[in-house]
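This is model.txt. It holds compact mmCIF, C-alpha atoms.
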# COMPACT_ATOMS: atom_id res chain seq x y z
CA PRO E 1 113.82 144.88 122.88
CA ALA E 2 113.56 143.29 119.43
CA GLY E 3 116.75 143.38 117.36
CA THR E 4 119.02 144.69 120.13
CA THR E 5 120.88 141.58 121.33
CA THR E 6 121.68 138.08 120.14
CA LEU E 7 119.30 136.68 122.79
CA ALA E 8 116.52 138.96 121.56
CA GLU E 9 117.11 137.57 118.07
CA LEU E 10 117.03 134.02 119.48
CA ARG E 11 113.70 134.76 121.13
CA ALA E 12 112.27 135.95 117.81
CA SER E 13 113.35 132.76 116.03
CA GLY E 14 112.80 130.20 118.77
CA PRO E 15 110.31 127.32 118.98
CA VAL E 16 107.67 129.76 120.26
CA PRO E 17 108.80 132.89 118.40
CA SER E 18 108.07 136.31 119.80
CA ARG E 19 109.58 139.41 118.27
CA GLU E 20 108.48 141.55 121.22
CA PRO E 21 109.67 140.99 124.82
CA PHE E 22 107.54 138.96 127.18
CA ARG E 23 108.01 141.67 129.83
CA VAL E 24 108.38 139.17 132.68
CA ARG E 25 108.20 141.02 136.00
CA PHE E 26 108.81 138.31 138.60
CA TRP E 27 112.22 136.64 138.80
CA GLY E 28 113.22 133.98 141.31
CA ILE E 29 116.94 134.14 142.07
CA GLY E 30 117.81 130.47 142.54
CA ASN E 31 115.57 127.79 143.99
CA GLU E 32 115.96 125.89 147.24
CA SER E 33 119.51 127.21 147.49
CA TRP E 34 119.76 125.70 150.97
CA GLY E 35 119.66 122.20 149.36
CA CYS E 36 119.39 120.94 145.81
CA GLY E 37 119.84 124.48 144.47
CA GLY E 38 123.44 124.82 145.62
CA ASN E 39 123.80 123.55 149.21
CA LEU E 40 124.71 127.10 150.21
CA THR E 41 124.74 128.68 153.62
CA PRO E 42 122.36 131.65 154.03
CA GLU E 43 125.35 133.98 154.11
CA GLU E 44 126.70 132.51 150.86
CA TYR E 45 123.32 132.80 149.23
CA ALA E 46 122.97 136.45 150.32
CA MET E 47 126.19 137.19 148.45
CA GLU E 48 124.99 135.31 145.36
CA PHE E 49 121.68 137.17 145.44
CA ARG E 50 123.45 140.52 145.51
CA ARG E 51 125.79 139.49 142.71
CA PHE E 52 123.03 138.36 140.35
CA THR E 53 120.74 141.35 140.98
CA ALA E 54 123.33 144.12 141.10
CA ALA E 55 123.11 145.37 137.52
CA VAL E 56 120.17 143.79 135.70
CA PRO E 57 118.83 146.06 132.94
CA SER E 58 115.06 146.47 133.30
CA TYR E 59 114.23 147.62 129.75
CA GLY E 60 111.31 149.54 131.18
CA VAL E 61 109.89 146.61 133.18
CA ASP E 62 109.31 146.97 136.92
CA LEU E 63 111.34 143.91 137.87
CA LYS E 64 110.48 142.04 141.06
CA PHE E 65 113.25 139.87 142.51
CA ILE E 66 112.23 136.96 144.75
CA ALA E 67 114.90 135.47 146.99
CA SER E 68 115.16 131.73 147.62
CA GLY E 69 113.75 131.47 151.12
CA ALA E 70 113.43 128.86 153.78
CA ASN E 71 112.43 125.24 153.81
CA SER E 72 109.47 125.07 156.18
CA ASP E 73 110.60 126.05 159.72
CA ASP E 74 114.27 126.79 158.99
CA LEU E 75 114.36 130.16 160.73
CA ASN E 76 118.18 130.15 160.68
CA TRP E 77 118.11 130.41 156.86
CA THR E 78 115.88 133.47 157.06
CA ARG E 79 117.90 135.03 159.87
CA GLY E 80 121.24 134.41 158.15
CA PHE E 81 120.14 135.90 154.82
CA PHE E 82 118.51 139.00 156.30
CA ALA E 83 121.37 139.64 158.72
CA ARG E 84 124.01 139.42 155.98
CA THR E 85 121.90 141.51 153.58
CA ARG E 86 121.43 144.27 156.17
CA GLU E 87 125.21 144.58 156.52
CA LYS E 88 125.16 146.33 153.13
CA GLY E 89 122.55 148.77 154.39
CA GLU E 90 118.79 148.71 154.77
CA TRP E 91 118.43 150.09 151.24
CA MET E 92 119.18 146.55 150.03
CA PHE E 93 115.70 145.48 151.14
CA ASP E 94 114.23 147.83 148.54
CA ARG E 95 115.68 145.50 145.89
CA ILE E 96 113.92 142.39 147.26
CA TYR E 97 110.25 141.98 146.37
CA GLY E 98 109.66 138.64 148.07
CA TRP E 99 111.16 136.02 150.35
CA GLY E 100 110.30 132.47 149.32
CA LEU E 101 108.90 129.84 151.64
CA HIS E 102 108.35 126.15 150.85
CA HIS E 103 106.18 123.81 152.90
CA TYR E 104 104.94 120.38 151.80
CA SER E 105 102.65 118.22 153.91
CA TRP E 106 103.08 114.49 154.37
CA ASN E 107 102.72 112.02 157.19
CA VAL E 108 102.72 108.43 158.29
CA SER E 109 100.47 106.85 160.88
CA GLY E 110 101.36 108.47 164.16
CA GLY E 111 102.88 111.67 162.83
CA ARG E 112 105.21 113.25 160.33
CA THR E 113 108.49 112.00 158.96
CA THR E 114 111.16 114.54 158.08
CA ASP E 115 112.67 112.36 155.33
CA TRP E 116 111.09 113.34 152.01
CA ARG E 117 112.29 110.10 150.38
CA ALA E 118 110.58 107.62 152.68
CA GLY E 119 107.72 107.07 155.04
CA LYS E 120 104.98 109.06 153.33
CA GLY E 121 101.40 107.86 153.55
CA ASP E 122 99.15 106.83 150.68
CA ALA E 123 97.15 109.39 148.69
CA ILE E 124 93.94 107.34 148.77
CA LYS E 125 94.24 104.81 151.61
CA PHE E 126 94.37 106.60 154.95
CA ASP E 127 92.73 106.24 158.32
CA GLU E 128 91.25 108.85 160.64
CA GLU E 129 94.53 109.57 162.38
CA GLN E 130 96.36 110.07 159.08
CA TYR E 131 93.55 112.31 157.84
CA TYR E 132 93.71 114.67 160.78
CA GLU E 133 97.49 114.57 161.05
CA LEU E 134 97.85 115.65 157.42
CA LEU E 135 95.50 118.58 158.03
CA ARG E 136 97.52 119.46 161.13
CA GLU E 137 100.74 119.42 159.10
CA ALA E 138 99.21 121.64 156.40
CA ASP E 139 97.87 124.01 159.05
CA ARG E 140 101.45 124.64 160.23
CA ILE E 141 101.73 127.14 157.37
CA GLU E 142 100.11 129.78 159.58
CA SER E 143 102.76 129.54 162.29
CA LEU E 144 105.50 129.43 159.63
CA ILE E 145 104.23 132.68 158.12
CA ASP E 146 104.12 134.36 161.54
CA ARG E 147 107.53 133.10 162.66
CA HIS E 148 109.42 133.94 159.46
CA TRP E 149 107.68 137.33 159.33
CA ALA E 150 108.90 138.09 162.84
CA VAL E 151 112.51 137.20 161.97
CA MET E 152 112.35 139.27 158.77
CA GLY E 153 111.13 142.23 160.82
CA GLU E 154 114.18 142.09 163.09
CA TYR E 155 116.27 143.33 160.14
CA ASP E 156 113.76 144.80 157.68
CA ARG E 157 111.88 146.88 160.23
CA ARG E 158 109.60 148.48 157.64
CA HIS E 159 108.71 145.05 156.22
CA ARG E 160 109.47 146.06 152.65
CA VAL E 161 110.11 142.41 151.82
CA LYS E 162 106.95 140.26 151.73
CA LEU E 163 106.55 136.50 151.80
CA VAL E 164 106.13 134.44 148.63
CA VAL E 165 104.93 130.90 149.44
CA ASP E 166 106.00 129.53 146.09
CA GLU E 167 105.80 125.79 146.84
CA TRP E 168 103.18 124.10 149.00
CA GLY E 169 100.82 121.15 148.92
CA THR E 170 100.49 117.47 149.81
CA TRP E 171 103.09 114.84 149.01
CA TYR E 172 102.42 111.08 149.14
CA ARG E 173 104.36 107.95 148.32
CA SER E 174 104.21 106.61 144.79
CA GLY E 175 101.55 104.16 143.70
CA THR E 176 98.49 106.26 142.87
CA GLU E 177 99.88 108.09 139.83
CA ILE E 178 97.71 107.49 136.75
CA ASP E 179 100.72 106.65 134.59
CA PRO E 180 104.22 105.40 135.53
CA THR E 181 105.78 108.25 133.52
CA HIS E 182 104.35 110.87 135.89
CA LEU E 183 107.22 111.83 138.16
CA LEU E 184 105.83 112.40 141.68
CA GLY E 185 102.31 111.89 140.36
CA GLN E 186 99.51 111.16 142.82
CA GLN E 187 95.74 111.14 143.12
CA SER E 188 93.81 113.97 144.77
CA THR E 189 90.94 113.27 147.18
CA MET E 190 88.57 115.34 149.28
CA ARG E 191 91.31 115.38 151.91
CA ASP E 192 93.50 117.32 149.48
CA ALA E 193 90.62 119.71 148.81
CA LEU E 194 90.47 120.52 152.53
CA VAL E 195 94.25 121.04 152.60
CA ALA E 196 94.01 123.43 149.66
CA ALA E 197 91.13 125.36 151.23
CA LEU E 198 92.65 125.76 154.69
CA THR E 199 95.93 126.85 153.07
CA LEU E 200 94.34 129.43 150.76
CA ASP E 201 92.30 130.73 153.70
CA THR E 202 95.53 131.15 155.66
CA PHE E 203 97.07 133.17 152.83
CA ASN E 204 93.94 135.33 152.66
CA ARG E 205 94.04 136.00 156.40
CA HIS E 206 97.68 137.08 156.05
CA ALA E 207 97.27 139.24 152.96
CA ASP E 208 99.43 141.90 154.64
CA LYS E 209 102.36 139.46 154.73
CA VAL E 210 101.93 137.05 151.78
CA VAL E 211 102.23 138.97 148.52
CA MET E 212 102.18 135.87 146.31
CA ALA E 213 101.56 132.15 146.71
CA ASN E 214 101.84 129.35 144.16
CA ILE E 215 100.97 125.70 144.11
CA ALA E 216 103.99 124.74 142.08
CA GLN E 217 102.80 121.55 140.39
CA LEU E 218 99.72 121.95 138.18
CA VAL E 219 99.55 118.79 136.05
CA ASN E 220 100.30 115.14 136.96
CA CYS E 221 102.64 116.02 139.84
CA LEU E 222 101.94 116.20 143.59
CA GLN E 223 98.83 118.20 144.50
CA SER E 224 97.82 118.86 140.90
CA LEU E 225 94.81 120.75 139.68
CA PHE E 226 94.66 118.61 136.53
CA LEU E 227 95.36 114.96 135.68
CA THR E 228 95.89 113.95 132.07
CA ARG E 229 96.96 110.99 129.96
CA GLU E 230 97.00 111.11 126.18
CA ASP E 231 93.59 112.55 125.20
CA ARG E 232 91.99 112.16 128.63
CA PHE E 233 91.71 114.96 131.15
CA LEU E 234 90.08 115.59 134.51
CA LEU E 235 89.74 118.25 137.19
CA THR E 236 90.85 117.32 140.70
CA PRO E 237 89.10 118.34 143.93
CA THR E 238 91.97 120.78 144.44
CA TYR E 239 91.05 122.50 141.17
CA HIS E 240 87.50 122.98 142.38
CA VAL E 241 88.75 124.69 145.55
CA PHE E 242 90.77 127.14 143.44
CA GLU E 243 87.68 127.88 141.35
CA MET E 244 85.55 128.42 144.45
CA PHE E 245 88.09 130.86 145.91
CA MET E 246 88.35 133.04 142.80
CA PRO E 247 86.02 135.80 144.15
CA HIS E 248 88.69 136.55 146.78
CA MET E 249 91.06 137.68 144.02
CA GLY E 250 91.43 141.46 143.96
CA ALA E 251 89.00 141.94 146.84
CA GLN E 252 89.69 143.47 150.26
CA ALA E 253 90.53 140.93 152.95
CA VAL E 254 88.45 141.45 156.08
CA ARG E 255 88.88 140.10 159.57
CA THR E 256 87.04 136.92 160.50
CA VAL E 257 86.50 135.46 163.97
CA PHE E 258 85.44 131.82 164.34
CA ALA E 259 84.05 130.34 167.53
CA ALA E 260 83.41 126.60 167.31
CA PRO E 261 84.17 123.58 169.50
CA SER E 262 87.45 121.93 168.62
CA LEU E 263 87.36 118.30 167.50
CA THR E 264 89.23 115.44 169.15
CA TYR E 265 90.93 112.35 167.71
CA ARG E 266 93.62 109.86 168.69
CA ARG E 267 97.25 110.64 167.92
CA ASN E 268 99.76 107.93 168.80
CA GLY E 269 97.08 106.54 171.08
CA GLN E 270 96.70 109.83 172.95
CA PRO E 271 93.92 112.45 172.68
CA ALA E 272 94.65 115.27 170.23
CA ARG E 273 92.70 118.36 169.20
CA PHE E 274 92.15 120.31 166.00
CA TRP E 275 90.11 123.44 165.34
CA GLY E 276 86.42 123.02 164.57
CA LEU E 277 85.84 125.68 161.88
CA SER E 278 88.13 128.10 160.09
CA GLY E 279 88.15 130.24 156.99
CA SER E 280 88.56 133.74 155.59
CA ALA E 281 86.52 136.55 154.07
CA SER E 282 86.89 139.37 151.56
CA LEU E 283 84.77 142.26 150.41
CA ARG E 284 84.19 143.71 146.96
CA ASP E 285 81.67 146.56 146.89
CA LYS E 286 78.67 145.12 148.77
CA LEU E 287 79.48 141.46 148.13
CA LEU E 288 81.14 139.57 150.98
CA THR E 289 82.78 136.24 150.14
CA LEU E 290 83.24 133.86 153.07
CA THR E 291 85.08 130.55 152.62
CA VAL E 292 84.90 127.97 155.40
CA VAL E 293 86.44 124.56 156.12
CA ASN E 294 84.74 122.10 158.44
CA PRO E 295 87.40 119.41 159.03
CA HIS E 296 85.26 117.10 161.19
CA LEU E 297 84.81 113.72 159.51
CA ALA E 298 81.38 113.04 160.99
CA GLU E 299 79.74 116.16 162.42
CA SER E 300 78.19 119.16 160.71
CA ARG E 301 78.38 122.62 162.30
CA ALA E 302 75.25 124.75 162.51
CA THR E 303 76.68 128.26 162.66
CA GLU E 304 75.29 131.76 163.02
CA ILE E 305 77.04 134.23 160.73
CA ALA E 306 77.08 137.90 161.70
CA VAL E 307 78.58 140.82 159.78
CA ARG E 308 79.58 143.77 161.91
CA GLY E 309 78.32 147.07 160.56
CA ALA E 310 76.14 145.59 157.80
CA ARG E 311 73.07 143.47 157.22
CA ILE E 312 72.89 140.32 155.09
CA ALA E 313 70.20 140.73 152.43
CA ARG E 314 70.78 137.65 150.27
CA ALA E 315 73.10 134.63 150.31
CA GLN E 316 74.26 131.92 147.95
CA ALA E 317 76.33 128.83 148.79
CA ARG E 318 78.72 126.69 146.77
CA VAL E 319 79.71 123.47 148.55
CA LEU E 320 82.41 120.90 147.87
CA VAL E 321 81.70 117.70 149.81
CA ALA E 322 81.55 113.95 149.24
CA ASP E 323 79.99 111.01 151.03
CA ASP E 324 83.48 109.59 151.56
CA VAL E 325 86.55 111.74 152.24
CA HIS E 326 88.58 109.26 150.16
CA ALA E 327 86.51 110.16 147.08
CA HIS E 328 88.43 111.29 144.00
CA ASN E 329 87.90 111.83 140.30
CA THR E 330 88.97 109.27 137.71
CA PHE E 331 88.83 109.10 133.93
CA GLU E 332 85.97 106.64 134.32
CA ASN E 333 84.12 108.94 136.74
CA PRO E 334 85.58 112.45 136.30
CA ARG E 335 82.76 114.21 138.16
CA ALA E 336 82.66 112.12 141.31
CA VAL E 337 83.82 115.14 143.34
CA GLU E 338 82.65 118.56 142.27
CA PRO E 339 80.94 121.52 143.95
CA ARG E 340 77.27 122.31 143.78
CA ASP E 341 75.37 125.55 144.26
CA GLU E 342 72.68 125.87 146.90
CA ALA E 343 70.17 128.54 147.80
CA VAL E 344 70.48 129.93 151.32
CA GLU E 345 67.62 131.42 153.32
CA VAL E 346 68.34 134.58 155.27
CA GLY E 347 66.18 135.37 158.28
CA ALA E 348 63.85 138.36 158.29
CA ASN E 349 66.17 140.19 160.70
CA GLY E 350 69.21 139.58 158.48
CA VAL E 351 70.51 136.69 160.59
CA LEU E 352 72.03 133.78 158.68
CA VAL E 353 72.39 130.31 160.19
CA TYR E 354 74.23 127.84 157.98
CA ASP E 355 74.98 124.15 158.47
CA PHE E 356 78.54 123.36 157.35
CA ARG E 357 78.73 119.72 156.24
CA PRO E 358 81.33 117.28 157.60
CA ALA E 359 84.70 117.34 155.80
CA SER E 360 83.56 120.12 153.49
CA VAL E 361 84.67 123.33 151.81
CA THR E 362 81.97 126.00 151.54
CA ARG E 363 81.85 129.36 149.83
CA LEU E 364 79.13 131.76 150.96
CA GLN E 365 78.54 134.94 148.97
CA LEU E 366 76.60 137.45 151.01
CA SER E 367 74.98 140.56 149.54
CA LEU E 368 75.11 143.31 152.16
CA THR E 369 73.02 146.36 152.84
Rewritten as structure tokens:
Amino acid sequence: PAGTTTLAELRASGPVPSREPFRVRFWGIGNESWGCGGNLTPEEYAMEFRRFTAAVPSYGVDLKFIASGANSDDLNWTRGFFARTREKGEWMFDRIYGWGLHHYSWNVSGGRTTDWRAGKGDAIKFDEEQYYELLREADRIESLIDRHWAVMGEYDRRHRVKLVVDEWGTWYRSGTEIDPTHLLGQQSTMRDALVAALTLDTFNRHADKVVMANIAQLVNCLQSLFLTREDRFLLTPTYHVFEMFMPHMGAQAVRTVFAAPSLTYRRNGQPARFWGLSGSASLRDKLLTLTVVNPHLAESRATEIAVRGARIARAQARVLVADDVHAHNTFENPRAVEPRDEAVEVGANGVLVYDFRPASVTRLQLSLT
């Protein structure tokens, strides 16, 4: 509180002065402690987490501590932390709001490289194999959520600790940043929009497990929502996906079942498959929001949409699609990729058939009776 400590006085006189507390609720305890954040073992980090959260005054704020979780599929990090934490008693899990999870997507022709410093593909120049392989890598987030959740449940049987996917997105080699000063800057194409959409849909489908998710870099870094230089500014395709998904916020996630032919492509010269349609849905009052990704580069999907226990009275679509999946926004053409609204006709019997465009993200808002 104001006037109580030297740090409170510093806050009141700082570059952005605030006499009153900011009342920050969410606190990450370390970051990537398995690597650049300390090179700790999970057992060492469990001890550090306990030490730094043992006696933090809350000043009337419901503090939420988020532990530095695993890098992608490192289940041993999750298992080691939860096993060591449980040694102090299961009550310790009441002190942990979230367990972090980081997963970035990159690839080279023919698959993924595990070295983050080399071998990444280009943000703009990619072929069909690289396109589908990047989507495949991003889609791994679903199995990562399920696998880490299962390990967490071995020790925290009541699942008091939820997942916080606090870093995710695409990561390409340098060369497409709009200014050399932009560390890890890169362009954002329709391919990135599909990655964002399939990832957000995954989080929505796992709303019982994922309590928070963050795309960590917002401006001029990795899969940004905004690109800027001096007085110029643009919205990326990824931004438009976030805007399209806003009706999901605060709504009730509902179960979705997709039945569509899988697509095929060549991976390392061999046939490979990827799902044909996927998405998620949520309900607020009588308005159902359905978001859908069609990853196929060339084929649309005419799809019948049925809502169990209700009838579709009206529908509206918002579609993000481009003639070329490499399309992206520039300062010279900042609206090359942006969504458009479309009217949707519902059949007299309440049946809705919709044609999902190739390589598209679609939001359908369905008024139910």
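The shortest atom-to-atom distance to E:Leu63, with all atoms listed in the file taken into account, belongs to E:Asp94 out of E:Asp355, E:Arg79, E:Asp94, E:Thr85.
Atom pair atom CA of E:Glu128 / atom CA of E:Asp192: separated by 14.2 Å.
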Could you give me, as a Markdown table, every stretch 71-163 of chain E residue with an atom at most 12 Å from stretch 222-229 of chain E, plus its closest atom pair and distance in Å to one decimal, counting all atoms listed in the file, rows ordered by chain then number?
| residue | atom | partner | partner_atom | distance |
| --- | --- | --- | --- | --- |
| E:Tyr104 | CA | E:Leu222 | CA | 9.7 |
| E:Ser105 | CA | E:Gln223 | CA | 10.2 |
| E:Trp106 | CA | E:Leu222 | CA | 11.0 |
| E:Ala123 | CA | E:Leu222 | CA | 9.8 |
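Between atom CA of E:Ser188 and atom CA of E:Ala302 there is a distance of 27.8 Å.
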* Would you kindly return, as a VMD selection string, each protein, DNA or RNA residue with an atom no farther than 9 Å from any atom of stretch 52-62 of chain E, considering all atoms listed in the file and excluding same-chain residues fewer than 5 positions away? => chain E and resid 1 23 to 26 29 47 95
* To do: Mind checking which residues fall within 9 Å of stretch 170-176 of chain E, counting only C-alpha atoms, ignoring those fewer than 4 positions away in the same chain, and posting them as a list in words?
  =>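 Here the qualifying residues turn out to be Tyr104, Ser105, Trp106, Asn107, Trp116, Arg117, Ala118, Gly119, Lys120, Gly121, Asp122, Ala123, Ile124, Leu134, Ala138, Pro180, Leu183, Leu184, Gly185, Gln186, Gln187, Asp192, Val195, Ala196, Leu222 and Gln223 of chain E.
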With C-alpha atoms retained, write the just-selected residues as a JSON list (two decimals), in the frame of the given file.
[["chain", "number", "residue", "atom", "x", "y", "z"],
["E", 104, "TYR", "CA", 104.94, 120.38, 151.80],
["E", 105, "SER", "CA", 102.65, 118.22, 153.91],
["E", 106, "TRP", "CA", 103.08, 114.49, 154.37],
["E", 107, "ASN", "CA", 102.72, 112.02, 157.19],
["E", 116, "TRP", "CA", 111.09, 113.34, 152.01],
["E", 117, "ARG", "CA", 112.29, 110.10, 150.38],
["E", 118, "ALA", "CA", 110.58, 107.62, 152.68],
["E", 119, "GLY", "CA", 107.72, 107.07, 155.04],
["E", 120, "LYS", "CA", 104.98, 109.06, 153.33],
["E", 121, "GLY", "CA", 101.40, 107.86, 153.55],
["E", 122, "ASP", "CA", 99.15, 106.83, 150.68],
["E", 123, "ALA", "CA", 97.15, 109.39, 148.69],
["E", 124, "ILE", "CA", 93.94, 107.34, 148.77],
["E", 134, "LEU", "CA", 97.85, 115.65, 157.42],
["E", 138, "ALA", "CA", 99.21, 121.64, 156.40],
["E", 180, "PRO", "CA", 104.22, 105.40, 135.53],
["E", 183, "LEU", "CA", 107.22, 111.83, 138.16],
["E", 184, "LEU", "CA", 105.83, 112.40, 141.68],
["E", 185, "GLY", "CA", 102.31, 111.89, 140.36],
["E", 186, "GLN", "CA", 99.51, 111.16, 142.82],
["E", 187, "GLN", "CA", 95.74, 111.14, 143.12],
["E", 192, "ASP", "CA", 93.50, 117.32, 149.48],
["E", 195, "VAL", "CA", 94.25, 121.04, 152.60],
["E", 196, "ALA", "CA", 94.01, 123.43, 149.66],
["E", 222, "LEU", "CA", 101.94, 116.20, 143.59],
["E", 223, "GLN", "CA", 98.83, 118.20, 144.50]]
* To do: Could you tell me which of E:Tyr265, E:Tyr239, E:Trp275, E:Phe258 comes closest to E:Ile305 if we count only C-alpha atoms?
  =>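 Answer, going by the shortest atom-to-atom distance: E:Phe258.
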Hey, which bits of stretch 23-82 of chain E sit within 12 Å of stretch 145-156 of chain E, and for each residue what's the closest pair of atoms and how far apart in Å (one decimal), counting all atoms listed in the file, rows by chain and increasing number, as a Markdown table?
| residue | atom | partner | partner_atom | distance |
| --- | --- | --- | --- | --- |
| E:Gly69 | CA | E:His148 | CA | 9.7 |
| E:Ala70 | CA | E:His148 | CA | 8.6 |
| E:Asn71 | CA | E:His148 | CA | 10.8 |
| E:Ser72 | CA | E:Ile145 | CA | 9.4 |
| E:Asp73 | CA | E:His148 | CA | 8.0 |
| E:Asp74 | CA | E:His148 | CA | 8.7 |
| E:Leu75 | CA | E:His148 | CA | 6.3 |
| E:Asn76 | CA | E:Val151 | CA | 9.1 |
| E:Trp77 | CA | E:His148 | CA | 9.7 |
| E:Thr78 | CA | E:His148 | CA | 6.9 |
| E:Arg79 | CA | E:Val151 | CA | 6.2 |
| E:Gly80 | CA | E:Val151 | CA | 9.9 |
| E:Phe81 | CA | E:Met152 | CA | 9.4 |
| E:Phe82 | CA | E:Tyr155 | CA | 6.2 |
* So which residues touch E:Asn294 within 6 Å, counting all atoms listed in the file, skipping near sequence neighbours fewer than 5 positions away, as a PyMOL selection string? -> chain E and resi 277+358-360
Hey, could you make a per-residue contact list for stretch 106-204 of chain E against stretch 317-327 of chain E with 8 Å as the cut-off, showing the nearest pair of atoms and its distance in Å to one decimal, counting all atoms listed in the file, sorted by chain and number, as a Markdown table?
| residue | atom | partner | partner_atom | distance |
| --- | --- | --- | --- | --- |
| E:Ile124 | CA | E:His326 | CA | 5.9 |
| E:Lys125 | CA | E:His326 | CA | 7.3 |
| E:Phe126 | CA | E:His326 | CA | 8.0 |
| E:Thr189 | CA | E:Ala327 | CA | 5.4 |
| E:Met190 | CA | E:Val325 | CA | 5.1 |
| E:Arg191 | CA | E:Val325 | CA | 6.0 |
Atoms are missing here; could stretch 271-277 of chain E be completed with all heavy atoms and written as a PDB file, in the coordinates of the input?
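Writing done, so here's out.pdb:
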ATOM      1  N   PRO E 271      94.878 111.467 173.194  1.00  0.00           N
ATOM      2  CA  PRO E 271      93.920 112.450 172.680  1.00  0.00           C
ATOM      3  C   PRO E 271      94.631 113.630 172.035  1.00  0.00           C
ATOM      4  O   PRO E 271      95.658 114.112 172.544  1.00  0.00           O
ATOM      5  CB  PRO E 271      93.132 112.883 173.928  1.00  0.00           C
ATOM      6  CG  PRO E 271      93.392 111.812 174.943  1.00  0.00           C
ATOM      7  CD  PRO E 271      94.748 111.275 174.648  1.00  0.00           C
ATOM      8  N   ALA E 272      94.108 114.090 170.917  1.00  0.00           N
ATOM      9  CA  ALA E 272      94.650 115.270 170.230  1.00  0.00           C
ATOM     10  C   ALA E 272      93.474 116.130 169.778  1.00  0.00           C
ATOM     11  O   ALA E 272      92.354 115.648 169.610  1.00  0.00           O
ATOM     12  CB  ALA E 272      95.502 114.849 169.037  1.00  0.00           C
ATOM     13  N   ARG E 273      93.746 117.425 169.571  1.00  0.00           N
ATOM     14  CA  ARG E 273      92.700 118.360 169.200  1.00  0.00           C
ATOM     15  C   ARG E 273      93.054 119.084 167.899  1.00  0.00           C
ATOM     16  O   ARG E 273      94.230 119.255 167.559  1.00  0.00           O
ATOM     17  CB  ARG E 273      92.481 119.406 170.305  1.00  0.00           C
ATOM     18  CG  ARG E 273      91.858 118.833 171.565  1.00  0.00           C
ATOM     19  CD  ARG E 273      91.589 119.924 172.593  1.00  0.00           C
ATOM     20  NE  ARG E 273      90.881 119.387 173.754  1.00  0.00           N
ATOM     21  CZ  ARG E 273      89.563 119.269 173.833  1.00  0.00           C
ATOM     22  NH1 ARG E 273      88.808 119.669 172.810  1.00  0.00           N
ATOM     23  NH2 ARG E 273      88.993 118.773 174.904  1.00  0.00           N
ATOM     24  N   PHE E 274      91.993 119.503 167.193  1.00  0.00           N
ATOM     25  CA  PHE E 274      92.150 120.310 166.000  1.00  0.00           C
ATOM     26  C   PHE E 274      90.982 121.286 165.958  1.00  0.00           C
ATOM     27  O   PHE E 274      89.909 120.998 166.501  1.00  0.00           O
ATOM     28  CB  PHE E 274      92.142 119.417 164.743  1.00  0.00           C
ATOM     29  CG  PHE E 274      92.640 120.098 163.500  1.00  0.00           C
ATOM     30  CD1 PHE E 274      93.973 120.442 163.368  1.00  0.00           C
ATOM     31  CD2 PHE E 274      91.775 120.404 162.449  1.00  0.00           C
ATOM     32  CE1 PHE E 274      94.448 121.071 162.220  1.00  0.00           C
ATOM     33  CE2 PHE E 274      92.229 121.019 161.304  1.00  0.00           C
ATOM     34  CZ  PHE E 274      93.569 121.354 161.187  1.00  0.00           C
ATOM     35  N   TRP E 275      91.183 122.441 165.317  1.00  0.00           N
ATOM     36  CA  TRP E 275      90.110 123.440 165.340  1.00  0.00           C
ATOM     37  C   TRP E 275      88.842 122.918 164.651  1.00  0.00           C
ATOM     38  O   TRP E 275      88.874 122.067 163.787  1.00  0.00           O
ATOM     39  CB  TRP E 275      90.556 124.759 164.730  1.00  0.00           C
ATOM     40  CG  TRP E 275      91.329 124.706 163.438  1.00  0.00           C
ATOM     41  CD1 TRP E 275      92.680 124.878 163.291  1.00  0.00           C
ATOM     42  CD2 TRP E 275      90.806 124.517 162.102  1.00  0.00           C
ATOM     43  NE1 TRP E 275      93.040 124.800 161.962  1.00  0.00           N
ATOM     44  CE2 TRP E 275      91.908 124.582 161.207  1.00  0.00           C
ATOM     45  CE3 TRP E 275      89.541 124.297 161.572  1.00  0.00           C
ATOM     46  CZ2 TRP E 275      91.768 124.440 159.819  1.00  0.00           C
ATOM     47  CZ3 TRP E 275      89.399 124.140 160.185  1.00  0.00           C
ATOM     48  CH2 TRP E 275      90.501 124.220 159.331  1.00  0.00           C
ATOM     49  N   GLY E 276      87.708 123.509 165.049  1.00  0.00           N
ATOM     50  CA  GLY E 276      86.420 123.020 164.570  1.00  0.00           C
ATOM     51  C   GLY E 276      85.928 123.673 163.307  1.00  0.00           C
ATOM     52  O   GLY E 276      85.278 123.022 162.474  1.00  0.00           O
ATOM     53  N   LEU E 277      86.188 124.961 163.111  1.00  0.00           N
ATOM     54  CA  LEU E 277      85.840 125.680 161.880  1.00  0.00           C
ATOM     55  C   LEU E 277      86.893 126.756 161.665  1.00  0.00           C
ATOM     56  O   LEU E 277      87.380 127.368 162.622  1.00  0.00           O
ATOM     57  CB  LEU E 277      84.475 126.375 161.995  1.00  0.00           C
ATOM     58  CG  LEU E 277      83.180 125.596 161.771  1.00  0.00           C
ATOM     59  CD1 LEU E 277      81.993 126.544 161.891  1.00  0.00           C
ATOM     60  CD2 LEU E 277      83.158 124.888 160.419  1.00  0.00           C
TER      61      LEU E 277
END
